[in-house]
$ cat final-v6.txt   # compact mmCIF, C-alpha atoms
# COMPACT_ATOMS: atom_id res chain seq x y z
CA MET P 1 7.58 -2.30 -0.30
CA THR P 2 6.31 -2.56 3.31
CA GLU P 3 2.86 -3.77 2.25
CA ARG P 4 4.33 -6.39 -0.09
CA TYR P 5 6.88 -7.50 2.49
CA LEU P 6 4.13 -8.27 5.01
CA LYS P 7 2.23 -10.51 2.58
CA ASN P 8 4.89 -13.15 2.93
CA ILE P 9 7.79 -13.94 5.24
CA LEU P 10 10.92 -13.02 3.32
CA PRO P 11 14.38 -14.39 4.27
CA ASP P 12 16.87 -11.99 5.80
CA SER P 13 20.61 -11.43 5.85
CA LEU P 14 21.25 -14.14 8.47
CA THR P 15 19.83 -16.72 6.08
CA GLY P 16 21.92 -15.35 3.20
CA LEU P 17 25.12 -15.51 5.26
CA ILE P 18 24.52 -19.09 6.35
CA PHE P 19 23.62 -20.33 2.87
CA GLY P 20 26.59 -18.47 1.40
CA PHE P 21 29.01 -20.28 3.72
CA GLU P 22 27.11 -23.57 3.41
CA GLY P 23 27.64 -23.37 -0.36
CA VAL P 24 31.30 -24.33 0.22
CA GLU P 25 31.72 -28.11 0.14
CA LYS P 26 32.69 -29.78 3.43
CA ALA P 27 32.87 -26.43 5.21
CA VAL P 28 31.18 -26.23 8.61
CA THR P 29 29.00 -23.26 9.52
CA ILE P 30 28.36 -22.79 13.25
CA LEU P 31 25.33 -20.77 14.28
CA ASN P 32 26.09 -19.11 17.59
CA GLY P 33 22.58 -18.87 18.94
CA PRO P 34 19.57 -20.72 20.35
CA THR P 35 18.18 -23.89 18.77
CA GLY P 36 15.19 -21.99 17.38
CA CYS P 37 17.47 -20.19 14.93
CA LYS P 38 19.03 -23.45 13.75
CA PHE P 39 16.36 -25.86 12.54
CA TYR P 40 15.16 -24.04 9.41
CA HIS P 41 18.65 -23.29 8.18
CA SER P 42 19.88 -26.81 8.88
CA SER P 43 16.89 -28.38 7.15
CA VAL P 44 17.03 -26.23 4.03
CA SER P 45 20.81 -26.54 3.74
CA ASP P 46 20.64 -30.33 3.94
CA SER P 47 17.83 -30.45 1.38
CA ARG P 48 19.98 -28.47 -1.07
CA MET P 49 23.29 -30.33 -0.53
CA ILE P 50 22.21 -33.67 0.89
CA ARG P 51 24.46 -35.03 3.62
CA GLN P 52 22.29 -37.86 5.03
CA GLU P 53 20.47 -40.64 3.19
CA GLU P 54 17.62 -41.17 5.67
CA PHE P 55 15.80 -39.31 8.41
CA ASP P 56 16.86 -41.45 11.34
CA PRO P 57 16.35 -39.65 14.68
CA LEU P 58 19.49 -41.36 15.96
CA ASN P 59 21.65 -39.81 13.25
CA PHE P 60 23.81 -36.90 14.39
CA PRO P 61 22.94 -37.25 18.09
CA GLU P 62 25.68 -34.88 19.20
CA LEU P 63 24.56 -32.08 21.47
CA TRP P 64 25.13 -29.35 18.89
CA TYR P 65 23.49 -31.06 15.89
CA PHE P 66 20.10 -32.08 17.32
CA GLY P 67 19.63 -34.80 14.68
CA GLN P 68 20.51 -32.58 11.70
CA PRO P 69 23.77 -32.97 9.75
CA ARG P 70 24.41 -29.31 8.95
CA VAL P 71 24.70 -25.97 10.78
CA PRO P 72 25.51 -27.06 14.36
CA CYS P 73 24.61 -24.47 16.98
CA THR P 74 25.67 -23.48 20.50
CA TYR P 75 22.08 -23.72 21.86
CA LEU P 76 22.40 -20.49 23.85
CA ASP P 77 20.06 -19.98 26.82
CA LYS P 78 19.35 -17.10 29.19
CA LYS P 79 22.50 -17.75 31.24
CA ASP P 80 24.69 -17.45 28.15
CA TYR P 81 23.17 -14.09 27.30
CA VAL P 82 24.44 -12.86 30.67
CA TYR P 83 27.82 -14.61 30.97
CA GLY P 84 28.69 -15.08 27.29
CA SER P 85 28.95 -17.92 24.79
CA GLU P 86 32.70 -18.58 24.98
CA GLY P 87 32.46 -21.88 26.88
CA LYS P 88 29.93 -23.51 24.57
CA LEU P 89 31.55 -22.15 21.43
CA THR P 90 35.01 -23.39 22.44
CA GLU P 91 33.65 -26.84 23.26
CA LEU P 92 31.83 -27.10 19.92
CA ILE P 93 34.86 -25.98 17.93
CA GLY P 94 37.01 -28.55 19.74
CA PHE P 95 34.57 -31.30 18.72
CA ILE P 96 34.45 -30.16 15.08
CA LYS P 97 38.22 -29.80 14.92
CA SER P 98 38.87 -33.33 16.25
CA GLU P 99 36.02 -35.17 14.51
CA LEU P 100 35.67 -33.39 11.17
CA ALA P 101 38.78 -31.28 10.50
CA PRO P 102 36.89 -29.19 7.91
CA PRO P 103 38.75 -27.19 5.25
CA LEU P 104 36.88 -24.06 6.40
CA LEU P 105 35.03 -23.08 9.57
CA THR P 106 32.64 -20.15 9.84
CA VAL P 107 30.86 -18.84 12.92
CA VAL P 108 27.78 -16.64 12.51
CA ASN P 109 26.09 -14.90 15.43
CA SER P 110 22.31 -15.01 15.61
CA PRO P 111 20.78 -11.54 16.09
CA GLY P 112 20.36 -12.19 19.82
CA ALA P 113 23.93 -13.42 20.24
CA ALA P 114 25.17 -10.27 18.53
CA LEU P 115 23.95 -8.32 21.55
CA ILE P 116 26.12 -10.24 24.02
CA GLY P 117 29.34 -8.54 22.93
CA ASP P 118 31.56 -11.66 22.75
CA ASP P 119 34.82 -11.20 20.84
CA LEU P 120 34.18 -13.98 18.30
CA GLU P 121 37.46 -13.44 16.49
CA ARG P 122 39.47 -13.97 19.67
CA ILE P 123 37.42 -16.97 20.84
CA VAL P 124 37.51 -18.79 17.51
CA SER P 125 41.15 -17.98 16.82
CA ALA P 126 42.17 -19.50 20.15
CA ALA P 127 40.15 -22.69 19.58
CA VAL P 128 40.40 -23.45 15.87
CA GLY P 129 44.12 -24.08 15.39
CA ASP P 130 45.30 -23.98 11.78
CA ILE P 131 41.87 -24.36 10.14
CA PRO P 132 40.93 -21.30 8.02
CA PHE P 133 38.00 -19.52 9.65
CA LEU P 134 35.61 -16.60 9.38
CA THR P 135 33.43 -14.93 12.00
CA VAL P 136 30.39 -12.71 11.58
CA GLU P 137 29.47 -10.86 14.76
CA THR P 138 26.46 -8.96 13.38
CA PRO P 139 24.31 -10.80 10.81
CA GLY P 140 22.56 -7.72 9.50
CA TYR P 141 19.20 -8.07 11.26
CA SER P 142 16.52 -7.15 8.71
CA ARG P 143 18.67 -6.70 5.63
CA PRO P 144 17.49 -8.87 2.68
CA VAL P 145 18.84 -12.36 2.02
CA TRP P 146 20.89 -11.35 -1.03
CA GLU P 147 22.87 -8.80 0.99
CA GLY P 148 23.84 -11.49 3.50
CA PHE P 149 24.83 -13.85 0.70
CA SER P 150 26.86 -11.11 -1.00
CA GLU P 151 28.65 -10.38 2.26
CA ALA P 152 29.46 -14.08 2.69
CA CYS P 153 30.92 -14.22 -0.83
CA CYS P 154 33.07 -11.14 -0.27
CA ARG P 155 34.37 -12.52 3.03
CA LEU P 156 35.28 -15.81 1.34
CA ILE P 157 37.16 -13.91 -1.38
CA ARG P 158 39.09 -11.81 1.14
CA LEU P 159 40.04 -14.89 3.17
CA LEU P 160 40.95 -17.39 0.46
CA ALA P 161 41.44 -15.81 -2.97
CA ALA P 162 45.05 -14.85 -3.63
CA GLU P 163 46.92 -13.31 -6.54
CA GLN P 164 48.58 -15.95 -8.69
CA ASN P 165 50.38 -16.24 -11.99
CA LYS P 166 47.84 -17.29 -14.59
CA ALA P 167 48.95 -20.42 -16.36
CA PRO P 168 48.23 -20.42 -20.09
CA ALA P 169 44.95 -22.21 -20.80
CA ALA P 170 43.68 -23.74 -24.03
CA ARG P 171 40.17 -22.43 -23.35
CA PRO P 172 38.94 -19.25 -21.65
CA ARG P 173 37.71 -19.55 -18.05
CA VAL P 174 34.85 -17.74 -16.33
CA ASN P 175 33.71 -17.49 -12.73
CA LEU P 176 29.97 -17.89 -12.19
CA LEU P 177 28.69 -15.43 -9.60
CA GLY P 178 25.21 -14.88 -8.20
CA LEU P 179 23.92 -18.44 -7.92
CA SER P 180 23.19 -19.66 -4.39
CA LEU P 181 21.69 -22.58 -2.51
CA PHE P 182 18.67 -20.35 -2.03
CA HIS P 183 17.92 -20.31 -5.77
CA ARG P 184 15.12 -22.82 -6.43
CA ASN P 185 16.89 -24.78 -9.19
CA TYR P 186 20.51 -23.96 -8.36
CA GLU P 187 21.83 -27.45 -9.19
CA GLY P 188 20.12 -27.65 -12.58
CA ASP P 189 20.95 -23.99 -13.29
CA LEU P 190 24.62 -24.70 -12.69
CA GLU P 191 24.58 -27.76 -14.95
CA GLU P 192 22.87 -25.81 -17.74
CA LEU P 193 25.26 -22.87 -17.53
CA LYS P 194 28.30 -25.16 -17.63
CA ARG P 195 26.84 -27.06 -20.59
CA ASP P 196 25.96 -23.93 -22.57
CA LEU P 197 29.33 -22.32 -21.91
CA ALA P 198 31.12 -25.53 -22.89
CA LEU P 199 29.31 -25.47 -26.24
CA CYS P 200 30.96 -22.07 -26.78
CA GLY P 201 34.40 -23.45 -25.86
CA ILE P 202 34.38 -21.85 -22.38
CA ASP P 203 35.22 -23.53 -19.06
CA VAL P 204 33.83 -22.64 -15.63
CA ASN P 205 36.63 -21.82 -13.22
CA CYS P 206 34.56 -21.48 -10.02
CA ALA P 207 30.88 -21.20 -9.13
CA LEU P 208 31.30 -19.16 -5.97
CA ALA P 209 29.38 -20.37 -2.88
CA CYS P 210 27.36 -22.75 -5.01
CA GLY P 211 28.94 -26.14 -4.37
CA CYS P 212 32.52 -24.94 -4.74
CA THR P 213 35.51 -26.01 -2.64
CA PRO P 214 37.95 -23.76 -0.78
CA GLU P 215 40.49 -24.61 -3.47
CA ASP P 216 38.07 -23.39 -6.14
CA ILE P 217 37.82 -20.07 -4.28
CA ARG P 218 41.60 -19.79 -4.16
CA ARG P 219 41.55 -20.17 -7.97
CA LEU P 220 39.08 -17.32 -8.52
CA PRO P 221 41.80 -14.90 -9.74
CA ALA P 222 42.73 -17.35 -12.54
CA ALA P 223 39.51 -16.56 -14.43
CA ASP P 224 39.44 -14.41 -17.54
CA LEU P 225 35.93 -13.10 -16.94
CA ASP P 226 33.37 -12.94 -14.11
CA LEU P 227 29.86 -13.80 -15.32
CA VAL P 228 27.20 -12.45 -12.94
CA ILE P 229 23.98 -14.43 -13.37
CA ASP P 230 21.95 -12.74 -10.63
CA PRO P 231 23.30 -9.25 -9.86
CA LEU P 232 21.56 -9.03 -6.48
CA TYR P 233 23.58 -12.01 -5.28
CA GLY P 234 26.74 -11.66 -7.37
CA LYS P 235 27.54 -8.04 -8.25
CA ALA P 236 29.33 -7.22 -4.98
CA ALA P 237 31.66 -10.21 -5.41
CA ALA P 238 32.34 -9.26 -9.04
CA ASP P 239 33.20 -5.70 -8.01
CA LEU P 240 35.60 -6.99 -5.34
CA LEU P 241 37.31 -9.38 -7.76
CA GLU P 242 37.67 -6.60 -10.33
CA GLU P 243 39.11 -4.26 -7.72
CA ARG P 244 41.56 -6.80 -6.28
CA PHE P 245 42.56 -8.85 -9.30
CA GLY P 246 41.48 -6.85 -12.33
CA ILE P 247 39.02 -9.47 -13.59
CA PRO P 248 36.49 -7.87 -15.96
CA GLN P 249 32.83 -8.62 -15.34
CA LEU P 250 29.73 -9.16 -17.42
CA THR P 251 26.30 -9.00 -15.80
CA ALA P 252 23.03 -10.51 -16.99
CA GLU P 253 20.33 -7.85 -17.10
CA GLY P 254 17.78 -10.30 -15.70
CA LEU P 255 17.93 -14.04 -15.12
CA PRO P 256 18.58 -15.69 -18.52
CA VAL P 257 15.26 -17.54 -18.53
CA GLY P 258 14.54 -19.40 -21.77
CA PHE P 259 16.03 -19.41 -25.24
CA GLN P 260 16.48 -15.80 -26.33
CA ALA P 261 17.86 -14.48 -23.06
CA MET P 262 20.53 -17.19 -22.94
CA GLU P 263 21.37 -16.72 -26.63
CA GLU P 264 21.92 -13.02 -26.07
CA LEU P 265 23.98 -13.67 -22.94
CA MET P 266 26.21 -16.24 -24.67
CA ASP P 267 26.74 -13.81 -27.56
CA ARG P 268 27.85 -11.13 -25.08
CA VAL P 269 30.17 -13.51 -23.23
CA CYS P 270 31.79 -14.73 -26.44
CA GLU P 271 32.17 -11.19 -27.76
CA ALA P 272 33.87 -10.11 -24.52
CA LEU P 273 36.28 -13.05 -24.58
CA GLN P 274 37.01 -12.60 -28.28
CA GLY P 275 38.00 -9.04 -27.46
CA MET P 276 40.61 -10.51 -25.11
CA GLY P 277 42.00 -12.72 -27.87
CA PHE P 278 40.21 -15.97 -27.00
CA ALA P 279 38.54 -18.28 -29.51
CA ALA P 280 35.04 -18.34 -28.02
CA ASP P 281 32.41 -19.36 -30.60
CA PRO P 282 28.67 -19.01 -29.88
CA MET P 283 27.57 -20.93 -33.01
CA PRO P 284 27.50 -24.48 -31.53
CA PHE P 285 25.30 -23.15 -28.72
CA ARG P 286 23.11 -21.28 -31.20
CA GLU P 287 22.62 -24.46 -33.24
CA ALA P 288 21.63 -26.43 -30.12
CA SER P 289 19.24 -23.66 -29.11
CA GLU P 290 17.62 -23.65 -32.56
CA ARG P 291 17.02 -27.40 -32.31
CA ALA P 292 15.35 -26.90 -28.95
CA ARG P 293 13.25 -24.06 -30.33
CA ALA P 294 12.08 -26.35 -33.17
CA ARG P 295 10.99 -29.02 -30.70
CA SER P 296 9.21 -26.48 -28.52
CA PHE P 297 7.42 -25.02 -31.54
CA VAL P 298 5.84 -28.36 -32.45
CA PHE P 299 4.13 -28.69 -29.07
CA LEU P 300 3.14 -25.02 -28.92
CA SER P 301 1.72 -25.14 -32.44
CA ARG P 302 -0.34 -28.29 -31.81
CA THR P 303 -1.79 -26.87 -28.59
CA ASN P 304 -2.49 -23.48 -30.15
CA SER P 305 -4.25 -24.99 -33.16
CA LEU P 306 -6.71 -26.78 -30.87
CA THR P 307 -7.21 -24.22 -28.08
CA GLY P 308 -5.64 -20.90 -29.10
CA LEU P 309 -3.45 -21.15 -26.01
CA PRO P 310 -1.10 -20.06 -24.53
CA LYS P 311 -1.35 -16.75 -26.41
CA GLY P 312 -3.13 -14.12 -24.32
CA THR P 313 -3.19 -16.23 -21.15
CA PRO P 314 -2.94 -13.99 -18.05
CA PHE P 315 -0.11 -14.86 -15.66
CA GLY P 316 1.28 -13.59 -12.38
CA VAL P 317 4.90 -13.59 -11.28
CA GLN P 318 6.46 -12.71 -7.94
CA GLY P 319 10.15 -12.50 -7.11
CA THR P 320 13.19 -10.28 -7.10
CA LEU P 321 13.75 -7.88 -9.98
CA PRO P 322 16.11 -10.21 -11.92
CA GLU P 323 13.59 -13.06 -11.52
CA VAL P 324 10.53 -11.05 -12.50
CA LEU P 325 12.30 -9.53 -15.51
CA GLY P 326 13.61 -12.91 -16.69
CA TYR P 327 10.27 -14.72 -16.47
CA THR P 328 8.11 -11.85 -17.70
CA ARG P 329 10.32 -11.30 -20.74
CA PHE P 330 10.15 -14.98 -21.75
CA LEU P 331 6.42 -15.43 -21.07
CA VAL P 332 5.42 -12.27 -22.93
CA ARG P 333 7.80 -12.41 -25.89
CA TYR P 334 7.96 -16.15 -26.52
CA PHE P 335 4.52 -17.37 -25.48
CA GLY P 336 2.55 -14.19 -26.15
CA MET P 337 1.03 -14.29 -22.66
CA THR P 338 -0.31 -11.32 -20.70
CA ALA P 339 1.12 -10.12 -17.39
CA ALA P 340 -1.74 -9.70 -14.90
CA ALA P 341 0.60 -9.14 -11.94
CA ALA P 342 4.34 -8.61 -11.63
CA GLU P 343 5.27 -8.21 -7.97
CA VAL P 344 8.89 -7.19 -7.44
CA LEU P 345 10.31 -7.96 -3.99
CA SER P 346 13.51 -5.94 -4.44
CA PRO P 347 14.13 -2.32 -5.49
CA LEU P 348 12.82 -1.51 -8.96
CA GLU P 349 15.88 0.39 -10.14
CA GLY P 350 18.81 0.42 -12.57
CA GLU P 351 18.92 -0.96 -16.09
CA ALA P 352 16.92 -4.05 -15.13
CA GLY P 353 14.18 -1.87 -13.65
CA ASP P 354 14.08 0.25 -16.79
CA ALA P 355 13.96 -2.91 -18.93
CA LEU P 356 10.98 -4.31 -17.01
CA LEU P 357 9.10 -1.00 -17.15
CA SER P 358 9.78 -0.74 -20.88
CA LEU P 359 8.68 -4.32 -21.56
CA LEU P 360 5.39 -3.89 -19.72
CA SER P 361 4.76 -0.43 -21.15
CA GLU P 362 5.31 -1.39 -24.78
CA ASN P 363 2.81 -4.24 -24.36
CA GLY P 364 0.19 -2.22 -22.49
CA MET P 365 0.71 -4.12 -19.23
CA GLU P 366 1.91 -1.33 -16.90
CA ALA P 367 -0.87 -2.10 -14.42
CA ALA P 368 0.78 -5.44 -13.62
CA LEU P 369 3.40 -3.69 -11.46
CA THR P 370 0.79 -2.39 -9.02
CA ALA P 371 -1.63 -5.32 -9.18
CA ASP P 372 -2.06 -7.55 -6.11
CA ILE P 373 -0.95 -11.02 -7.15
CA LEU P 374 -3.33 -12.55 -4.60
CA GLU P 375 -6.25 -10.88 -6.39
CA ALA P 376 -5.10 -10.76 -10.03
CA PRO P 377 -6.95 -13.05 -12.51
CA ALA P 378 -3.88 -15.12 -13.36
CA GLU P 379 -4.27 -18.62 -14.79
CA LEU P 380 -0.57 -19.37 -14.27
CA VAL P 381 1.34 -18.13 -11.23
CA PHE P 382 5.13 -18.17 -10.97
CA GLY P 383 6.50 -17.78 -7.44
CA ASP P 384 7.51 -19.59 -4.28
CA GLY P 385 5.61 -22.35 -2.53
CA ASN P 386 4.15 -19.99 0.08
CA LEU P 387 2.51 -17.86 -2.59
CA ILE P 388 1.09 -20.89 -4.38
CA ALA P 389 -0.22 -22.33 -1.09
CA MET P 390 -1.91 -19.02 -0.17
CA LEU P 391 -3.68 -18.90 -3.53
CA LYS P 392 -4.81 -22.52 -3.21
CA ALA P 393 -6.14 -21.78 0.28
CA ARG P 394 -8.30 -19.06 -1.28
CA GLY P 395 -9.85 -21.61 -3.62
CA ARG P 396 -8.38 -20.06 -6.75
CA ALA P 397 -8.38 -22.03 -10.01
CA PHE P 398 -4.87 -21.71 -11.40
CA ALA P 399 -1.66 -23.64 -12.03
CA GLY P 400 1.34 -22.81 -9.85
CA ILE P 401 4.91 -23.11 -11.08
CA GLU P 402 7.60 -22.83 -8.41
CA THR P 403 10.44 -20.45 -9.16
CA ALA P 404 11.82 -19.78 -5.66
CA LEU P 405 12.17 -21.22 -2.17
CA PRO P 406 10.36 -22.26 -0.04
CA THR P 407 8.92 -25.14 -2.05
CA LEU P 408 5.79 -27.20 -1.57
CA GLY P 409 7.99 -30.28 -1.13
CA TYR P 410 8.40 -31.54 -4.70
CA ASN P 411 11.38 -33.93 -4.87
CA ASP P 412 13.63 -32.99 -7.78
CA VAL P 413 15.23 -36.34 -8.52
CA ILE P 414 16.30 -34.91 -11.88
CA PRO P 415 17.83 -31.42 -11.44
CA LYS P 416 15.59 -28.80 -13.06
CA THR P 417 16.34 -25.42 -14.58
CA HIS P 418 14.45 -22.55 -16.16
CA LEU P 419 17.63 -21.10 -17.67
CA GLY P 420 18.92 -21.56 -21.19
CA ILE P 421 18.04 -24.36 -23.61
CA ARG P 422 16.77 -26.93 -21.14
CA GLY P 423 15.02 -24.25 -19.15
CA GLY P 424 13.13 -23.09 -22.23
CA LEU P 425 11.97 -26.64 -22.91
CA LEU P 426 10.92 -27.23 -19.29
CA LEU P 427 8.98 -23.98 -19.12
CA CYS P 428 7.23 -24.84 -22.38
CA GLU P 429 6.23 -28.17 -20.84
CA GLN P 430 5.08 -26.61 -17.57
CA VAL P 431 3.11 -23.82 -19.27
CA LEU P 432 1.28 -26.15 -21.66
CA ASN P 433 0.46 -28.75 -19.03
CA GLY P 434 -0.49 -26.08 -16.51
CA LEU P 435 -3.10 -24.73 -18.93
CA LEU P 436 -4.46 -28.12 -19.93
CA TYR P 437 -4.87 -29.81 -16.55
$ encode --input "final-v6.txt" --output "structure tokens"
Amino acid sequence: MTERYLKNILPDSLTGLIFGFEGVEKAVTILNGPTGCKFYHSSVSDSRMIRQEEFDPLNFPELWYFGQPRVPCTYLDKKDYVYGSEGKLTELIGFIKSELAPPLLTVVNSPGAALIGDDLERIVSAAVGDIPFLTVETPGYSRPVWEGFSEACCRLIRLLAAEQNKAPAARPRVNLLGLSLFHRNYEGDLEELKRDLALCGIDVNCALACGCTPEDIRRLPAADLDLVIDPLYGKAAADLLEERFGIPQLTAEGLPVGFQAMEELMDRVCEALQGMGFAADPMPFREASERARARSFVFLSRTNSLTGLPKGTPFGVQGTLPEVLGYTRFLVRYFGMTAAAAEVLSPLEGEAGDALLSLLSENGMEAALTADILEAPAELVFGDGNLIAMLKARGRAFAGIETALPTLGYNDVIPKTHLGIRGGLLLCEQVLNGLLY
């Protein structure tokens, strides 16, 4: 793990906390720290949930924003580390309270600010008035990004979600857990999941910390089932909701990338809801998926008849365990491709770890787990923009397909997804074109 960690700069818990809170619409997240901790988080957050139409240096000229519309900061300096941040933090909260009146305010200490010893809860409580708020005094230092995001989700649940009488509903409702602003295609993923569930007669109650509102979070207990898409990011929230409100949970083994994985997941969701007495029917989704499979087959068959591809093509994939399992399963089983490298950036454990080991073992590809993705002979590489840029800098001949942040800057005017029906079609398109050009 240490060797693989040092190949790339991986986001930490501070980033996960900020993006978890920023995933609540119109909420304001204050970073209590120096400006150097602000710019990346502000930039990425605004690129995911756009709040300004142009990059005008005169936009957001206020002292705390530094030209960026999201994640204002207290711009701490050496004096503040001696005498404390209370003055700057109180002034900033007063501005936000009078100018924005957000439905939720969160204050997150940077790692350096956590050493000062300020009583954030007291400071914010005295300044914020009747606005709901959360404070995080210690961001977790070098814990991984998903742990910070999970903590943010659990704090939001504890603050806002409340027991309520469930009103009878014509259709079953699910909460979507485990999607975040830090997922490469979160917007398209969310659209696809809502569409596929709707085909089964299922409504989405709340997509926690993924473009939801505070009111959506308050409605979390009204759901009939919690659907965990990425367990690293969503399992802790599902456990808390089950403990507090008795909501049963269903967890995807790996990301539901492509046709078969989503078909199996929808079958499981419908079966679980049918067991509760709901009329959830997977057949309309299955029919739509079969139509997509037929379209995909035509293009695969034509390409294969001319070139023999993509069968046997070596590929590399890097990501967390749910990501690597989801992509590897689809690329091996559907396209007949060969895993040259499968670098897992999270613990290889649990049922998902066993599933990945079994998949690679039964296809004679065990060596992929220990292969260096920077050296493996992969013709297609699935990973973040940093990985793709490093391989290009080495002069490698390959096609890179982004699956995680950071990106190389591609502007997704149309939201993309690699999940479900549309994800299967997009991956078919990207694989075929990646091999041909």
$ closest_residue --input "final-v6.txt" --among "P:Cys210, P:Asp80, P:Arg155, P:Asp46" --to "Gln68 (chain P)" --atoms "only C-alpha atoms"
P:Asp46
$ closest_atom_pairs --input "final-v6.txt" --of "region 152-183 of chain P" --to "region 123-143 of chain P" --cutoff "10 Å" --atoms "all atoms listed in the file" --output "Markdown table"
| residue | atom | partner | partner_atom | distance |
| --- | --- | --- | --- | --- |
| P:Ala152 | CA | P:Val136 | CA | 9.0 |
| P:Arg155 | CA | P:Leu134 | CA | 7.6 |
| P:Leu156 | CA | P:Leu134 | CA | 8.1 |
| P:Leu159 | CA | P:Leu134 | CA | 7.8 |
| P:Leu160 | CA | P:Pro132 | CA | 8.5 |
$ residues_around --input "final-v6.txt" --residues "Thr403 (chain P)" --least-positions-apart "6" --cutoff "8 Å" --atoms "only C-alpha atoms" --output "list in words"
Arg184, Asn185, Phe382, Gly383 and Asp384 of chain P
$ residues_around --input "final-v6.txt" --residues "Lys78 (chain P)" --least-positions-apart "3" --cutoff "12 Å" --atoms "all atoms listed in the file" --output "compact mmCIF listing (two decimals) with C-alpha atoms, in the coordinates of the input"
# COMPACT_ATOMS: atom_id res chain seq x y z
CA GLY P 33 22.58 -18.87 18.94
CA PRO P 34 19.57 -20.72 20.35
CA TYR P 75 22.08 -23.72 21.86
CA TYR P 81 23.17 -14.09 27.30
CA VAL P 82 24.44 -12.86 30.67
CA TYR P 83 27.82 -14.61 30.97
CA GLY P 84 28.69 -15.08 27.29
CA SER P 85 28.95 -17.92 24.79
CA GLY P 112 20.36 -12.19 19.82
CA ALA P 113 23.93 -13.42 20.24
CA ILE P 116 26.12 -10.24 24.02
$ closest_residue --input "final-v6.txt" --among "P:Glu429, P:Glu253, P:Glu287, P:Glu187" --to "Cys212 (chain P)" --atoms "all atoms listed in the file"
P:Glu187
$ closest_residue --input "final-v6.txt" --among "P:Glu151, P:Glu54, P:Glu121, P:Glu25" --to "Pro102 (chain P)" --atoms "only C-alpha atoms"
P:Glu25
$ residues_around --input "final-v6.txt" --residues "Gly36 (chain P)" --least-positions-apart "4" --cutoff "12 Å" --atoms "only C-alpha atoms" --output "number ranges by chain"
P: 31-32, 40-42, 66, 72-77, 110-112
$ closest_residue --input "final-v6.txt" --among "P:Ala261, P:Met337, P:Ile30, P:Cys154" --to "Pro310 (chain P)" --atoms "all atoms listed in the file"
P:Met337
$ closest_residue --input "final-v6.txt" --among "P:Asp224, P:Leu360, P:Asn304, P:Val298" --to "Ala272 (chain P)" --atoms "only C-alpha atoms"
P:Asp224
$ closest_residue --input "final-v6.txt" --among "P:Ala27, P:Arg173, P:Leu356, P:Ala294" --to "Leu273 (chain P)" --atoms "all atoms listed in the file"
P:Arg173
$ residues_around --input "final-v6.txt" --residues "Thr320 (chain P)" --least-positions-apart "2" --cutoff "6 Å" --atoms "all atoms listed in the file" --output "PyMOL selection string"
chain P and resi 322-323+344-346
$ residues_around --input "final-v6.txt" --residues "region 424-426 of chain P" --least-positions-apart "3" --cutoff "8 Å" --atoms "only C-alpha atoms" --output "JSON, numbers by chain"
{"P": [257, 258, 259, 292, 293, 296, 416, 417, 418, 419, 420, 421, 429, 430]}
